[in-house]
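This is work_36.pdb. It holds PDB, C-alpha atoms.
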```pdb
ATOM      1  CA  MET A   1    -163.824 -49.774 -84.036
ATOM      2  CA  ARG A   2    -161.903 -52.902 -85.067
ATOM      3  CA  HIS A   3    -158.656 -50.916 -85.059
ATOM      4  CA  LEU A   4    -159.270 -49.718 -81.496
ATOM      5  CA  THR A   5    -160.037 -53.263 -80.366
ATOM      6  CA  ALA A   6    -156.874 -54.560 -82.024
ATOM      7  CA  LEU A   7    -154.823 -51.792 -80.423
ATOM      8  CA  ALA A   8    -156.320 -52.525 -77.003
ATOM      9  CA  LEU A   9    -155.530 -56.233 -77.365
ATOM     10  CA  LEU A  10    -151.974 -55.443 -78.434
ATOM     11  CA  LEU A  11    -151.462 -53.165 -75.435
ATOM     12  CA  LEU A  12    -152.830 -55.846 -73.103
ATOM     13  CA  ALA A  13    -150.472 -58.425 -74.614
ATOM     14  CA  VAL A  14    -147.459 -56.119 -74.159
ATOM     15  CA  GLN A  15    -148.471 -55.387 -70.558
ATOM     16  CA  ALA A  16    -148.965 -59.098 -69.849
ATOM     17  CA  GLU A  17    -145.489 -59.868 -71.219
ATOM     18  CA  ALA A  18    -143.943 -57.154 -69.032
ATOM     19  CA  CYS A  19    -145.815 -58.520 -66.014
ATOM     20  CA  LEU A  20    -144.553 -62.057 -66.600
ATOM     21  CA  PHE A  21    -141.027 -60.767 -67.060
ATOM     22  CA  ALA A  22    -141.128 -58.741 -63.849
ATOM     23  CA  ARG A  23    -142.391 -61.705 -61.816
ATOM     24  CA  ASP A  24    -140.366 -64.531 -63.367
ATOM     25  CA  ALA A  25    -137.096 -63.064 -64.670
ATOM     26  CA  LYS A  26    -133.816 -64.711 -63.777
ATOM     27  CA  PRO A  27    -130.664 -62.589 -63.201
ATOM     28  CA  ALA A  28    -129.449 -63.236 -66.755
ATOM     29  CA  ASP A  29    -132.791 -61.942 -68.084
ATOM     30  CA  TRP A  30    -132.489 -58.731 -66.070
ATOM     31  CA  LEU A  31    -128.925 -58.224 -67.264
ATOM     32  CA  GLU A  32    -129.913 -58.758 -70.900
ATOM     33  CA  TRP A  33    -133.007 -56.513 -70.779
ATOM     34  CA  SER A  34    -131.532 -53.611 -68.870
ATOM     35  CA  SER A  35    -129.092 -50.872 -69.661
ATOM     36  CA  ALA A  36    -128.963 -50.007 -65.940
ATOM     37  CA  LEU A  37    -129.605 -52.435 -63.093
ATOM     38  CA  PHE A  38    -129.259 -51.617 -59.420
ATOM     39  CA  ALA A  39    -130.403 -52.412 -55.911
ATOM     40  CA  ALA A  40    -131.951 -49.581 -53.948
ATOM     41  CA  ASP A  41    -133.852 -48.733 -50.796
ATOM     42  CA  VAL A  42    -137.159 -46.943 -51.261
ATOM     43  CA  THR A  43    -137.066 -43.659 -49.348
ATOM     44  CA  ASP A  44    -140.446 -42.222 -50.365
ATOM     45  CA  VAL A  45    -143.486 -42.983 -52.523
ATOM     46  CA  THR A  46    -146.002 -40.353 -53.556
ATOM     47  CA  GLN A  47    -148.775 -40.510 -56.116
ATOM     48  CA  GLN A  48    -149.949 -37.802 -58.462
ATOM     49  CA  ALA A  49    -152.368 -38.192 -61.364
ATOM     50  CA  GLY A  50    -152.082 -41.996 -61.414
ATOM     51  CA  ILE A  51    -148.286 -41.980 -61.378
ATOM     52  CA  ASP A  52    -146.221 -43.256 -58.458
ATOM     53  CA  HIS A  53    -143.140 -41.127 -57.837
ATOM     54  CA  ILE A  54    -140.616 -43.391 -56.136
ATOM     55  CA  SER A  55    -137.516 -41.950 -54.470
ATOM     56  CA  LEU A  56    -134.613 -44.352 -54.066
ATOM     57  CA  ARG A  57    -131.243 -44.557 -52.346
ATOM     58  CA  VAL A  58    -128.968 -46.620 -54.606
ATOM     59  CA  VAL A  59    -127.004 -49.228 -52.655
ATOM     60  CA  GLU A  60    -125.402 -51.405 -55.359
ATOM     61  CA  THR A  61    -125.027 -51.152 -59.141
ATOM     62  CA  PHE A  62    -124.918 -54.334 -61.247
ATOM     63  CA  LYS A  63    -124.987 -52.901 -64.750
ATOM     64  CA  GLY A  64    -124.666 -49.535 -66.405
ATOM     65  CA  PRO A  65    -122.858 -46.372 -65.483
ATOM     66  CA  ALA A  66    -122.062 -45.704 -61.862
ATOM     67  CA  MET A  67    -125.336 -44.455 -60.500
ATOM     68  CA  ALA A  68    -125.800 -41.427 -58.362
ATOM     69  CA  GLU A  69    -126.504 -42.010 -54.701
ATOM     70  CA  SER A  70    -130.195 -41.431 -55.310
ATOM     71  CA  ALA A  71    -132.739 -41.856 -58.083
ATOM     72  CA  ARG A  72    -136.381 -41.053 -58.705
ATOM     73  CA  LEU A  73    -138.690 -43.163 -60.862
ATOM     74  CA  GLN A  74    -142.141 -42.521 -62.238
ATOM     75  CA  VAL A  75    -144.219 -45.674 -62.595
ATOM     76  CA  PRO A  76    -147.893 -45.943 -63.568
ATOM     77  CA  ALA A  77    -149.758 -46.748 -60.341
ATOM     78  CA  ARG A  78    -151.922 -49.319 -62.140
ATOM     79  CA  LEU A  79    -148.857 -51.491 -62.841
ATOM     80  CA  TRP A  80    -148.771 -53.007 -59.345
ATOM     81  CA  LYS A  81    -152.324 -54.307 -59.383
ATOM     82  CA  ALA A  82    -152.333 -55.250 -63.069
ATOM     83  CA  CYS A  83    -149.147 -57.297 -62.697
ATOM     84  CA  ARG A  84    -149.857 -58.525 -59.170
ATOM     85  CA  LEU A  85    -146.610 -56.955 -58.018
ATOM     86  CA  GLU A  86    -145.955 -55.652 -54.550
ATOM     87  CA  GLN A  87    -146.252 -51.870 -54.517
ATOM     88  CA  PRO A  88    -143.051 -50.458 -53.030
ATOM     89  CA  VAL A  89    -143.155 -48.718 -49.677
ATOM     90  CA  ALA A  90    -140.591 -46.612 -47.848
ATOM     91  CA  GLY A  91    -137.889 -48.834 -46.364
ATOM     92  CA  ALA A  92    -138.254 -51.650 -48.924
ATOM     93  CA  ARG A  93    -135.206 -53.009 -50.779
ATOM     94  CA  VAL A  94    -135.902 -53.244 -54.512
ATOM     95  CA  LEU A  95    -134.270 -54.250 -57.769
ATOM     96  CA  VAL A  96    -134.541 -51.501 -60.372
ATOM     97  CA  ALA A  97    -133.994 -52.029 -64.088
ATOM     98  CA  LEU A  98    -134.022 -49.394 -66.810
ATOM     99  CA  ASN A  99    -133.837 -50.347 -70.471
ATOM    100  CA  PRO A 100    -132.544 -48.239 -73.394
ATOM    101  CA  ASN A 101    -136.128 -47.023 -74.075
ATOM    102  CA  SER A 102    -136.294 -45.584 -70.536
ATOM    103  CA  ASP A 103    -138.806 -48.230 -69.473
ATOM    104  CA  ALA A 104    -138.450 -49.048 -65.793
ATOM    105  CA  LEU A 105    -139.222 -52.175 -63.813
ATOM    106  CA  LEU A 106    -139.005 -52.309 -60.049
ATOM    107  CA  VAL A 107    -139.537 -55.439 -57.944
ATOM    108  CA  PRO A 108    -138.920 -56.410 -54.316
ATOM    109  CA  LEU A 109    -135.383 -57.728 -53.771
ATOM    110  CA  THR A 110    -134.813 -60.555 -51.325
ATOM    111  CA  ALA A 111    -131.423 -61.339 -49.804
ATOM    112  CA  SER A 112    -131.293 -64.697 -51.605
ATOM    113  CA  TYR A 113    -132.085 -63.166 -55.013
ATOM    114  CA  LEU A 114    -129.471 -60.471 -54.351
ATOM    115  CA  GLU A 115    -126.829 -63.193 -53.829
ATOM    116  CA  THR A 116    -127.940 -64.980 -57.002
ATOM    117  CA  LEU A 117    -127.649 -61.717 -58.912
ATOM    118  CA  ARG A 118    -124.177 -61.036 -57.508
ATOM    119  CA  LYS A 119    -123.042 -64.481 -58.692
ATOM    120  CA  ALA A 120    -124.487 -63.797 -62.155
ATOM    121  CA  VAL A 121    -122.372 -60.636 -62.478
ATOM    122  CA  GLY A 122    -119.281 -62.337 -61.066
ATOM    123  CA  ARG A 123    -119.085 -60.851 -57.580
TER     124      ARG A 123
END
```
Mind turning this structure into structure tokens?
Amino acid sequence: MRHLTALALLLLAVQAEACLFARDAKPADWLEWSSALFAADVTDVTQQAGIDHISLRVVETFKGPAMAESARLQVPARLWKACRLEQPVAGARVLVALNPNSDALLVPLTASYLETLRKAVGR
């Protein structure tokens, strides 16, 4: 039982760290963490078995290989509430980051943060 409790606490700590990162990351943090970083418009969100399937239209790539015009992410639906993040809806502009482990983070992208990010990558 102690091992299960320790594992549960470890998983909560990892989730809490990811939540803080997603809410508070600066452009340099995103660039360091990600292997692919891009701005996209959400075109559709569906949920199946606790997983949000998010369809995206890529509008600008900041890091990584040239992305296709579209992408589809699978994100645990519980992430939004657990991290107090805004759940994406069709029409929203978002920042999407993928790391080498295929972990994905997706947060709303404001015009001012987009400009800050462009400056960080030298555009």
message: Once the PyMOL selection byres ((chain A and resi 34) around 8) is applied to the coordinates I shared, what remains selected? I want it as a ChimeraX atom specification.
response: /A:30-33,35-37,63,97-100
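Here CA of Val42 (chain A) stands at a distance of 10.1 Å from CA of Pro108 (chain A).
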task: Would you write out, as a ChimeraX atom specification, every residue that the PyMOL selection byres ((chain A and resi 62) around 12) captures in this file?
output: /A:27-28,30-32,34-40,58-61,63-67,95-98,114-123
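Residue selection for this entry, given the PyMOL selection byres ((chain A and resi 77-91) around 8), comprises Ala16, Cys19, Leu20, Arg23, Asp41, Val42, Thr43, Asp44, Val45, Gln47, Gly50, Ile51, Asp52, Val75, Pro76, Ala92, Arg93, Val94, Val107 and Pro108 of chain A.
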